[in-house]
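Data file: data.cif. Format and content: mmCIF, C-alpha atoms.
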```
data_work
#
loop_
_atom_site.label_atom_id
_atom_site.label_comp_id
_atom_site.auth_asym_id
_atom_site.auth_seq_id
_atom_site.Cartn_x
_atom_site.Cartn_y
_atom_site.Cartn_z
CA MET E 405 -7.34 105.73 0.52
CA PRO E 406 -9.26 104.45 3.59
CA GLU E 407 -9.22 100.76 4.32
CA HIS E 408 -11.53 98.48 6.31
CA VAL E 409 -14.66 100.49 5.58
CA ILE E 410 -17.71 98.75 7.01
CA PHE E 411 -19.39 96.21 4.66
CA GLY E 412 -16.79 97.07 2.01
CA LEU E 413 -18.61 100.28 1.10
CA ASP E 414 -16.98 102.86 -1.16
CA PRO E 415 -15.33 105.34 1.27
CA LEU E 416 -15.87 108.24 -1.13
CA TRP E 417 -19.63 107.76 -1.25
CA LEU E 418 -19.90 106.88 2.45
CA SER E 419 -17.95 109.94 3.58
CA THR E 420 -19.92 112.20 1.22
CA ALA E 421 -23.20 110.81 2.57
CA LEU E 422 -22.04 111.43 6.15
CA LEU E 423 -21.03 114.98 5.25
CA ILE E 424 -24.43 115.66 3.68
CA LEU E 425 -26.29 114.15 6.64
CA THR E 426 -24.21 116.16 9.10
CA TYR E 427 -24.94 119.42 7.31
CA ALA E 428 -28.61 118.56 6.90
CA ALA E 429 -28.87 117.96 10.65
CA ILE E 430 -27.05 121.23 11.38
CA MET E 431 -29.40 123.10 9.04
CA SER E 432 -32.49 121.53 10.63
CA GLU E 433 -31.43 123.04 13.99
CA LYS E 434 -33.34 120.35 15.86
CA ILE E 435 -30.18 119.14 17.61
CA ASN E 436 -27.33 121.30 18.90
CA ARG E 437 -24.74 121.70 16.13
CA ALA E 438 -21.85 120.63 18.39
CA VAL E 439 -23.61 117.34 19.13
CA VAL E 440 -24.30 116.81 15.42
CA ALA E 441 -20.69 117.50 14.44
CA LEU E 442 -19.33 115.13 17.07
CA LEU E 443 -21.78 112.41 16.00
CA GLY E 444 -20.68 112.88 12.39
CA ALA E 445 -17.03 112.64 13.43
CA GLY E 446 -17.73 109.48 15.45
CA LEU E 447 -19.45 107.83 12.51
CA MET E 448 -16.52 108.70 10.21
CA ILE E 449 -14.28 106.72 12.58
CA CYS E 450 -16.63 103.87 13.56
CA LEU E 451 -17.64 103.16 9.95
CA GLY E 452 -14.00 102.97 8.87
CA VAL E 453 -13.59 106.09 6.73
CA LEU E 454 -10.92 107.30 9.18
CA ASN E 455 -9.03 105.71 12.00
CA GLN E 456 -8.64 107.61 15.24
CA GLU E 457 -5.14 108.83 14.42
CA GLN E 458 -6.27 110.20 11.05
CA ALA E 459 -9.28 111.88 12.65
CA VAL E 460 -7.14 113.60 15.29
CA HIS E 461 -4.64 114.60 12.60
CA GLY E 462 -7.51 116.23 10.67
CA VAL E 463 -8.22 118.65 13.51
CA ASP E 464 -6.58 122.03 12.96
CA PHE E 465 -5.24 122.43 16.48
CA ASN E 466 -3.71 125.77 15.55
CA THR E 467 -7.25 127.12 15.05
CA ILE E 468 -8.50 125.39 18.23
CA ALA E 469 -5.60 126.81 20.27
CA LEU E 470 -6.10 130.27 18.77
CA LEU E 471 -9.81 130.26 19.61
CA THR E 472 -9.34 128.90 23.14
CA GLY E 473 -6.43 131.20 23.97
CA MET E 474 -8.17 134.31 22.70
CA MET E 475 -11.39 133.39 24.54
CA ILE E 476 -9.42 133.18 27.79
CA LEU E 477 -7.68 136.50 27.07
CA VAL E 478 -10.98 138.21 26.27
CA ASN E 479 -12.74 136.75 29.33
CA ILE E 480 -10.07 138.03 31.71
CA THR E 481 -9.76 141.39 29.94
CA ARG E 482 -13.52 141.86 30.18
CA LYS E 483 -13.29 141.83 33.99
CA SER E 484 -11.33 145.10 33.85
CA GLY E 485 -14.31 146.91 32.31
CA VAL E 486 -12.47 147.91 29.14
CA PHE E 487 -15.16 146.47 26.85
CA GLN E 488 -17.83 148.46 28.66
CA TYR E 489 -15.65 151.54 28.22
CA VAL E 490 -15.31 150.95 24.47
CA ALA E 491 -19.04 150.22 24.13
CA PHE E 492 -20.12 153.43 25.86
CA TRP E 493 -17.46 155.45 24.02
CA ALA E 494 -18.63 154.12 20.64
CA ALA E 495 -22.30 154.72 21.47
CA ARG E 496 -21.59 158.30 22.54
CA LYS E 497 -19.50 158.96 19.41
CA ALA E 498 -22.44 157.70 17.34
CA GLY E 499 -24.74 160.05 19.26
CA GLY E 500 -26.72 157.08 20.49
CA VAL E 501 -28.03 156.62 16.92
CA PRO E 502 -28.14 152.87 16.08
CA TRP E 503 -27.51 153.14 12.31
CA LYS E 504 -24.44 155.31 12.87
CA LEU E 505 -23.18 152.76 15.38
CA LEU E 506 -23.79 149.99 12.81
CA ILE E 507 -21.53 151.76 10.33
CA MET E 508 -18.87 152.50 12.96
CA LEU E 509 -18.67 148.90 14.20
CA THR E 510 -18.59 147.58 10.62
CA LEU E 511 -15.62 149.77 9.70
CA VAL E 512 -13.73 149.05 12.94
CA THR E 513 -14.25 145.31 12.48
CA ALA E 514 -12.99 145.39 8.87
CA VAL E 515 -9.83 147.34 9.74
CA LEU E 516 -8.98 145.21 12.77
CA SER E 517 -9.58 142.00 10.81
CA ALA E 518 -7.02 143.12 8.24
CA LEU E 519 -4.43 144.11 10.83
CA LEU E 520 -4.97 141.18 13.23
CA ASP E 521 -7.08 138.25 12.06
CA ASN E 522 -10.83 137.91 11.76
CA VAL E 523 -11.31 135.43 14.64
CA THR E 524 -9.35 137.57 17.11
CA THR E 525 -11.28 140.63 15.96
CA VAL E 526 -14.74 139.18 16.51
CA LEU E 527 -13.69 137.84 19.90
CA LEU E 528 -12.84 141.43 20.87
CA ILE E 529 -15.77 143.18 19.14
CA THR E 530 -18.68 140.83 19.94
CA PRO E 531 -18.77 141.47 23.73
CA VAL E 532 -18.73 145.23 23.05
CA THR E 533 -21.57 144.89 20.55
CA LEU E 534 -23.76 142.79 22.84
CA LEU E 535 -23.31 145.29 25.67
CA VAL E 536 -24.05 148.44 23.70
CA ALA E 537 -27.07 146.86 21.97
CA ARG E 538 -28.47 145.94 25.36
CA GLU E 539 -27.93 149.46 26.68
CA LEU E 540 -29.54 151.06 23.61
CA ASP E 541 -32.41 148.56 23.74
CA VAL E 542 -31.95 147.52 20.09
CA PRO E 543 -31.58 144.01 18.62
CA ALA E 544 -27.94 142.86 18.53
CA TYR E 545 -28.36 140.53 15.54
CA PRO E 546 -28.01 143.17 12.76
CA PHE E 547 -24.78 144.47 14.31
CA LEU E 548 -23.35 140.96 14.70
CA PHE E 549 -24.35 140.00 11.16
CA ALA E 550 -22.59 143.10 9.85
CA GLU E 551 -19.48 142.28 11.88
CA ILE E 552 -19.30 138.72 10.53
CA PHE E 553 -19.33 140.06 6.97
CA ALA E 554 -16.87 142.83 7.76
CA SER E 555 -14.46 140.43 9.47
CA ASN E 556 -14.31 138.05 6.51
CA ILE E 557 -14.11 140.84 3.94
CA GLY E 558 -11.52 142.82 5.92
CA GLY E 559 -9.47 139.69 6.56
CA THR E 560 -9.20 139.13 2.81
CA ALA E 561 -6.99 142.21 2.45
CA THR E 562 -3.83 140.94 4.16
CA LEU E 563 -1.60 137.93 4.66
CA ILE E 564 -2.61 137.44 8.30
CA GLY E 565 -6.28 138.38 8.05
CA ASP E 566 -7.68 134.95 7.14
CA PRO E 567 -6.22 131.40 7.31
CA PRO E 568 -6.52 130.73 3.53
CA ASN E 569 -4.29 133.75 2.90
CA ILE E 570 -1.70 132.42 5.36
CA LEU E 571 -1.66 129.09 3.48
CA ILE E 572 -1.40 130.77 0.07
CA GLY E 573 1.23 133.26 1.21
CA SER E 574 3.37 130.53 2.71
CA ALA E 575 3.10 128.31 -0.37
CA VAL E 576 3.84 131.03 -2.93
CA GLY E 577 6.16 133.26 -0.90
CA LEU E 578 3.82 136.27 -0.89
CA SER E 579 4.35 139.06 1.63
CA PHE E 580 1.98 141.16 3.73
CA ASN E 581 2.42 143.99 1.22
CA ASP E 582 1.69 141.72 -1.76
CA PHE E 583 -1.77 140.95 -0.39
CA LEU E 584 -2.34 144.55 0.66
CA HIS E 585 -1.40 145.91 -2.77
CA ASN E 586 -3.41 143.38 -4.79
CA LEU E 587 -6.51 142.76 -2.66
CA ALA E 588 -7.01 145.82 -0.44
CA PRO E 589 -8.56 147.92 -3.29
CA VAL E 590 -11.41 145.49 -3.90
CA VAL E 591 -11.83 144.96 -0.16
CA GLY E 592 -12.35 148.71 0.27
CA VAL E 593 -15.04 148.67 -2.41
CA LEU E 594 -16.76 145.64 -0.85
CA ILE E 595 -16.86 147.21 2.61
CA ALA E 596 -18.40 150.38 1.19
CA LEU E 597 -21.03 148.30 -0.63
CA GLN E 598 -21.69 146.29 2.54
CA VAL E 599 -22.30 149.45 4.55
CA MET E 600 -24.81 150.65 1.94
CA ALA E 601 -26.55 147.28 1.65
CA LEU E 602 -26.94 146.75 5.39
CA HIS E 603 -28.09 150.32 5.89
CA LEU E 604 -30.86 149.68 3.36
CA ILE E 605 -31.76 146.39 5.05
CA TRP E 606 -31.57 147.41 8.70
CA GLY E 607 -30.35 150.97 9.12
CA LYS E 608 -33.71 152.72 8.93
CA LYS E 609 -35.40 150.03 11.02
CA LEU E 610 -33.00 150.33 13.96
CA ARG E 611 -34.65 152.61 16.47
CA THR E 612 -33.93 153.22 20.11
CA ASN E 613 -36.21 154.92 22.58
CA PRO E 614 -35.32 158.47 23.68
CA GLU E 615 -34.91 157.39 27.30
CA ALA E 616 -32.24 154.77 26.45
CA GLN E 617 -30.53 157.28 24.16
CA ARG E 618 -30.41 159.94 26.89
CA LYS E 619 -29.20 157.38 29.41
CA ILE E 620 -26.29 156.18 27.31
CA MET E 621 -25.30 159.74 26.32
CA GLY E 622 -25.18 160.61 30.01
CA ILE E 623 -22.79 157.78 30.91
CA ASP E 624 -19.13 158.59 31.51
CA PRO E 625 -17.23 155.73 29.81
CA ALA E 626 -14.36 156.05 32.31
CA GLU E 627 -16.69 154.92 35.11
CA ALA E 628 -16.77 151.43 33.56
CA LEU E 629 -13.06 150.86 34.27
CA LYS E 630 -13.10 148.79 37.45
CA GLU E 631 -9.61 147.41 38.05
CA PRO E 632 -6.76 149.63 36.79
CA GLY E 633 -4.12 146.99 37.59
CA LEU E 634 -5.95 144.28 35.66
CA LEU E 635 -6.56 146.74 32.82
CA VAL E 636 -2.83 147.44 32.46
CA SER E 637 -1.93 143.73 32.62
CA SER E 638 -4.67 142.73 30.17
CA LEU E 639 -3.88 145.38 27.59
CA GLY E 640 -0.15 144.74 27.91
CA VAL E 641 -0.53 141.01 27.27
CA LEU E 642 -3.11 141.59 24.54
CA PHE E 643 -0.85 143.99 22.63
CA ALA E 644 2.07 141.57 23.05
CA VAL E 645 -0.07 138.77 21.57
CA LEU E 646 -1.14 140.96 18.67
CA ALA E 647 2.50 141.90 18.05
CA GLY E 648 3.25 138.18 18.07
CA PHE E 649 0.65 137.64 15.33
CA VAL E 650 2.16 140.37 13.16
CA THR E 651 5.72 139.02 13.56
CA ALA E 652 4.77 135.33 13.42
CA ARG E 653 6.42 134.85 10.05
CA GLN E 654 9.75 136.13 11.38
CA THR E 655 9.59 134.22 14.68
CA GLY E 656 8.24 130.97 13.23
CA LEU E 657 5.57 130.78 15.95
CA GLU E 658 2.04 129.68 15.08
CA PRO E 659 -0.90 131.92 16.09
CA GLY E 660 -2.28 129.16 18.33
CA THR E 661 0.96 129.00 20.31
CA ILE E 662 1.07 132.79 20.68
CA ALA E 663 -2.55 132.96 21.87
CA MET E 664 -2.24 130.08 24.36
CA PHE E 665 1.02 131.40 25.79
CA GLY E 666 -0.52 134.87 26.12
CA ALA E 667 -3.53 133.32 27.89
CA ALA E 668 -1.23 131.47 30.31
CA VAL E 669 0.72 134.67 31.08
CA LEU E 670 -2.44 136.69 31.72
CA MET E 671 -3.92 133.93 33.90
CA PHE E 672 -0.70 133.95 35.95
CA LEU E 673 -0.85 137.73 36.38
CA TYR E 674 -4.55 137.51 37.26
CA VAL E 675 -4.34 134.81 39.96
CA ARG E 676 -0.84 135.27 41.42
CA ARG E 677 -1.93 137.68 44.15
CA HIS E 678 -4.53 135.29 45.54
CA PRO E 679 -4.09 132.28 47.87
CA GLY E 680 -4.19 128.74 46.45
CA ALA E 681 -7.89 128.04 47.11
CA ASP E 682 -8.97 131.31 45.50
CA GLN E 683 -6.65 130.67 42.57
CA SER E 684 -8.36 127.36 41.82
CA HIS E 685 -11.77 129.02 41.96
CA LYS E 686 -10.70 131.84 39.64
CA VAL E 687 -9.08 129.49 37.12
CA GLN E 688 -12.20 127.33 37.08
CA ASP E 689 -14.25 130.48 36.52
CA ILE E 690 -12.03 131.50 33.59
CA PHE E 691 -12.19 128.10 31.90
CA GLY E 692 -15.93 127.94 32.57
CA GLU E 693 -16.42 131.04 30.41
CA VAL E 694 -14.72 129.50 27.37
CA GLU E 695 -17.20 128.72 24.56
CA TRP E 696 -16.67 124.96 24.72
CA VAL E 697 -19.75 124.33 22.54
CA THR E 698 -18.06 126.26 19.72
CA ILE E 699 -14.70 124.59 20.34
CA PHE E 700 -16.13 121.06 20.18
CA PHE E 701 -18.24 121.94 17.15
CA PHE E 702 -15.02 122.87 15.37
CA ILE E 703 -13.33 119.65 16.47
CA GLY E 704 -16.21 117.53 15.16
CA LEU E 705 -16.49 119.49 11.92
CA PHE E 706 -12.74 119.24 11.26
CA MET E 707 -12.99 115.45 11.60
CA VAL E 708 -16.01 115.23 9.28
CA VAL E 709 -14.23 117.30 6.63
CA ALA E 710 -11.06 115.22 7.16
CA GLY E 711 -13.14 112.16 6.29
CA VAL E 712 -14.19 113.44 2.88
CA GLU E 713 -10.70 114.83 2.28
CA HIS E 714 -9.08 111.48 3.12
CA ALA E 715 -11.58 109.64 0.93
CA GLY E 716 -10.61 111.87 -2.00
CA LEU E 717 -13.73 114.05 -2.42
CA LEU E 718 -11.90 117.38 -2.21
CA ASP E 719 -9.23 116.16 -4.59
CA HIS E 720 -11.91 115.08 -7.09
CA LEU E 721 -13.62 118.46 -6.79
CA ALA E 722 -10.38 120.39 -7.23
CA HIS E 723 -9.31 118.40 -10.30
CA GLY E 724 -12.81 118.64 -11.72
CA LEU E 725 -12.76 122.41 -11.41
CA LEU E 726 -9.58 122.60 -13.44
CA ASP E 727 -10.62 119.97 -16.01
CA VAL E 728 -13.66 121.97 -17.13
CA THR E 729 -11.52 124.99 -18.05
CA GLY E 730 -9.35 123.20 -20.63
CA GLY E 731 -6.24 124.99 -19.40
CA ASP E 732 -7.48 128.48 -20.30
CA ARG E 733 -6.01 130.84 -17.67
CA ASN E 734 -8.83 133.39 -17.63
CA LEU E 735 -11.55 130.76 -17.45
CA THR E 736 -9.60 128.83 -14.82
CA ALA E 737 -9.31 131.92 -12.61
CA ILE E 738 -13.04 132.64 -12.85
CA VAL E 739 -14.00 129.02 -12.18
CA ILE E 740 -11.67 128.92 -9.17
CA LEU E 741 -13.19 132.15 -7.83
CA TRP E 742 -16.81 131.01 -8.04
CA ALA E 743 -16.28 127.36 -7.11
CA SER E 744 -14.11 128.16 -4.11
CA ALA E 745 -16.70 130.71 -2.94
CA VAL E 746 -19.58 128.25 -3.07
CA LEU E 747 -17.57 125.36 -1.63
CA SER E 748 -16.09 127.52 1.14
CA ALA E 749 -19.63 128.38 2.22
CA ILE E 750 -20.42 124.67 2.56
CA ILE E 751 -17.19 123.10 3.81
CA ASP E 752 -14.24 124.53 5.66
CA ASN E 753 -12.09 126.62 3.33
CA ILE E 754 -8.78 125.54 4.91
CA PRO E 755 -8.64 121.93 3.54
CA PHE E 756 -10.05 123.11 0.20
CA VAL E 757 -7.30 125.72 -0.17
CA ALA E 758 -4.68 123.20 1.00
CA THR E 759 -5.87 120.80 -1.74
CA MET E 760 -5.86 123.48 -4.43
CA ILE E 761 -2.34 124.76 -3.68
CA PRO E 762 -0.37 121.83 -5.18
CA LEU E 763 -2.68 121.76 -8.21
CA LEU E 764 -2.13 125.45 -8.93
CA LYS E 765 1.60 125.02 -8.40
CA SER E 766 1.63 122.23 -11.00
CA MET E 767 -0.06 124.57 -13.49
CA THR E 768 2.66 127.24 -13.22
CA PRO E 769 4.63 126.19 -16.35
CA ALA E 770 1.48 125.96 -18.48
CA MET E 771 0.34 129.40 -17.32
CA GLY E 772 3.56 131.12 -18.36
CA GLY E 773 5.48 130.90 -15.11
CA THR E 774 5.08 132.56 -11.72
CA GLU E 775 3.63 135.82 -13.03
CA GLY E 776 1.20 134.06 -15.33
CA VAL E 777 -0.30 131.96 -12.55
CA MET E 778 -0.71 134.84 -10.05
CA PRO E 779 -4.33 135.67 -11.05
CA LEU E 780 -5.26 132.12 -10.00
CA TRP E 781 -3.82 132.65 -6.53
CA TRP E 782 -5.77 135.90 -6.10
CA ALA E 783 -8.92 134.17 -7.36
CA LEU E 784 -8.45 131.39 -4.82
CA SER E 785 -7.90 133.87 -2.00
CA LEU E 786 -10.92 136.01 -2.88
CA GLY E 787 -13.22 133.01 -3.39
CA ALA E 788 -12.20 131.17 -0.22
CA CYS E 789 -12.21 134.21 2.08
CA LEU E 790 -15.35 135.93 0.78
CA GLY E 791 -17.20 132.64 0.34
CA GLY E 792 -16.93 132.07 4.08
CA ASN E 793 -19.70 134.64 4.56
CA GLY E 794 -22.23 132.45 2.74
CA THR E 795 -23.37 130.27 5.64
CA LEU E 796 -22.94 130.08 9.39
CA VAL E 797 -20.39 127.26 9.06
CA GLY E 798 -18.44 128.92 6.27
CA ALA E 799 -15.77 130.52 8.44
CA SER E 800 -14.38 130.35 11.95
CA ALA E 801 -15.39 133.96 12.67
CA ASN E 802 -19.06 133.21 11.91
CA LEU E 803 -19.29 130.38 14.41
CA THR E 804 -17.35 132.30 17.03
CA VAL E 805 -19.83 135.19 16.86
CA ALA E 806 -22.79 132.79 16.89
CA GLY E 807 -21.45 130.96 19.95
CA LEU E 808 -20.83 134.14 21.93
CA ALA E 809 -24.19 135.59 20.93
CA GLU E 810 -26.22 132.51 21.80
CA ARG E 811 -24.61 132.46 25.22
CA GLU E 812 -26.17 135.91 25.76
CA GLY E 813 -29.56 134.82 24.42
CA VAL E 814 -29.19 136.14 20.84
CA GLN E 815 -30.30 133.37 18.47
CA PHE E 816 -28.30 132.60 15.33
CA LYS E 817 -30.36 130.25 13.14
CA PHE E 818 -28.54 128.54 10.27
CA LEU E 819 -31.26 129.06 7.67
CA THR E 820 -32.14 132.57 8.84
CA TYR E 821 -28.53 133.62 8.48
CA THR E 822 -28.03 131.81 5.15
CA LYS E 823 -31.14 133.28 3.49
CA MET E 824 -29.68 136.76 3.83
CA ALA E 825 -25.97 136.00 3.83
CA PHE E 826 -25.69 133.77 0.76
CA PRO E 827 -27.13 136.29 -1.75
CA LEU E 828 -24.96 139.05 -0.24
CA MET E 829 -21.92 136.77 -0.52
CA LEU E 830 -22.71 136.08 -4.18
CA GLY E 831 -22.93 139.82 -4.74
CA SER E 832 -19.44 140.25 -3.31
CA ILE E 833 -18.16 137.54 -5.68
CA VAL E 834 -19.68 139.42 -8.63
CA VAL E 835 -17.61 142.44 -7.61
CA ALA E 836 -14.52 140.25 -7.13
CA HIS E 837 -15.15 138.72 -10.59
CA ALA E 838 -15.15 142.18 -12.18
CA TYR E 839 -12.02 143.15 -10.24
CA LEU E 840 -10.17 140.03 -11.38
CA TYR E 841 -11.25 140.52 -14.98
CA PHE E 842 -10.22 144.15 -15.28
CA TRP E 843 -7.04 144.11 -13.16
CA PHE E 844 -5.46 140.67 -13.56
CA LEU E 845 -6.82 138.96 -16.65
CA ASP E 846 -6.21 139.61 -20.34
#
```
For this file, produce the structure as structure tokens.
Amino acid sequence: MPEHVIFGLDPLWLSTALLILTYAAIMSEKINRAVVALLGAGLMICLGVLNQEQAVHGVDFNTIALLTGMMILVNITRKSGVFQYVAFWAARKAGGVPWKLLIMLTLVTAVLSALLDNVTTVLLITPVTLLVARELDVPAYPFLFAEIFASNIGGTATLIGDPPNILIGSAVGLSFNDFLHNLAPVVGVLIALQVMALHLIWGKKLRTNPEAQRKIMGIDPAEALKEPGLLVSSLGVLFAVLAGFVTARQTGLEPGTIAMFGAAVLMFLYVRRHPGADQSHKVQDIFGEVEWVTIFFFIGLFMVVAGVEHAGLLDHLAHGLLDVTGGDRNLTAIVILWASAVLSAIIDNIPFVATMIPLLKSMTPAMGGTEGVMPLWWALSLGACLGGNGTLVGASANLTVAGLAEREGVQFKFLTYTKMAFPLMLGSIVVAHAYLYFWFLD
């Protein structure tokens, strides 16, 4: 429990108030969200809820390293023209029809998020989406919104798709195939429902002018490939990094280490042929293209959440969730599903899942052993992963897309996103509820 809190205030109430104020300021959108998060983090430290060491310890540097490394990889790879190639290829395959492209990008994002991870996927897909939307002269926001949802839903299907699944899999000893077998069926249903819902919302409204359609259909995608040597190097390193993610459990390497090492290798291959002065300029250019606003927003937000976690708020919430069920397994699973969904939309799902894991482990004997407690683990995974779609700060992928989009002039407003996203997220939890009830519960 924190000590030396200013004026002897209760750290639980103080940290909760700071969390609420931070989120209120983010939602107001009057001040940049990175500035707000860093101010909130600073107040957590200066008012005594955390000391500096605890605040730094609260930052998930694996996530920060993963984001930074993949941003560097994507920025260098983009210079080869491969994203332009993919954008023009996808647009031509869709016949230049925006609603067909919306469906195609949604499905590609969902599959890649299951096979890689959702943050890596949106880092790869977002530049393609922004480019093709610009060429077709259609708004990029509907495509990006669809990709956020698809990345979080698709990532739910596998062990490596979303950080909460990695935590749960590691704690319980679940394999890639365990997640695929138990969660992929409902993920497939949710993606199909998402495609239908977004087509009803935006599909018929997305129109391009005939001139832009003819222009993009007349483009040869191969003409976008500018530097064959850089293309080979970039794709080689990128595939090696992705292979590293898939085999991370066997190698013991964290995704952040794999991404940063891959970024360092690709930077070396990119600058090695140039003299020293040019190398410095190119490296500065590469680092200048990193979304530092997004990175520092994450750092501040991690510290704010660490404050309420250290003060005991998350522990109180987790125990409270289980107390209301009276030990009934079915009711406990449903409460965990809904509560983790709502809470994951408001606070980061990683510390919430980390807090829930020991509590669920302690319930194993009362639930009839390992098999009896399994529905609770699937409920936690579904709630935490799907709940991340509820708000702009609910998941790392959301903020990554928003940061990249705003850099290109596409506005992502917190309330605008939440008004549409939260009801859709609740709809996905209704489907997950039915799936849990009919497949896992008595």
Could you expand the PyMOL selection byres ((chain E and resi 779) around 10) into the explicit residues it covers here, written as a list of chain:residue names?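 The output of the PyMOL selection byres ((chain E and resi 779) around 10) on this file is E:Asn586, E:Arg733, E:Asn734, E:Thr736, E:Ala737, E:Ile738, E:Thr774, E:Glu775, E:Gly776, E:Val777, E:Met778, E:Leu780, E:Trp781, E:Trp782, E:Ala783, E:Leu784, E:Ser785, E:Leu840, E:Tyr841, E:Trp843, E:Phe844, E:Leu845.
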Nearest to Leu828 in chain E: which of E:Met448, E:Ala495, E:Leu597, E:Ile690 is it, counting only C-alpha atoms?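 Closest residue, counting only C-alpha atoms: E:Leu597.
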May I have the residues within 12 Å of Glu693 in chain E as a VMD selection string, using all atoms listed in the file and disregarding those fewer than 2 positions away in the same chain? chain E and resid 472 to 480 482 to 483 686 to 691 695 to 698 807 to 808 811 to 812
Starting from the PyMOL selection byres ((chain E and resi 496) around 12), expand the selection into actual residues of this file and give them as a PyMOL selection string. chain E and resi 489-495+497-502+504-505+508+536+539-540+616-625
Between CA of Val515 in chain E and CA of Ala601 in chain E, what is the spacing in Å?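 Going from CA of Ala601 in chain E over to CA of Val515 in chain E covers 18.6 Å.
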Might I get the box with edges along x, y and z of the file that holds all atoms of range 742-757 of chain E listed there, padded by 6 Å on every side, given as centre and edge lengths in Å to one decimal, as JSON?
```
{"center_x": -13.9, "center_y": 126.5, "center_z": -1.2, "size_x": 25.1, "size_y": 21.1, "size_z": 25.7}
```
Given the PyMOL selection byres ((chain E and resi 544-552) around 9), the residues it picks as a PyMOL selection string: chain E and resi 505-507+509-514+522+526+529-530+533-538+541-543+553-557+598-599+602+606-607+610+793+801-802+805-806+809+814-816+821+825
Contacts of Gly730 in chain E within 12 Å, only C-alpha atoms, excl. fewer than 4 positions in-chain, as a PyMOL selection string: chain E and resi 723-726+734-737+739+767+770-771
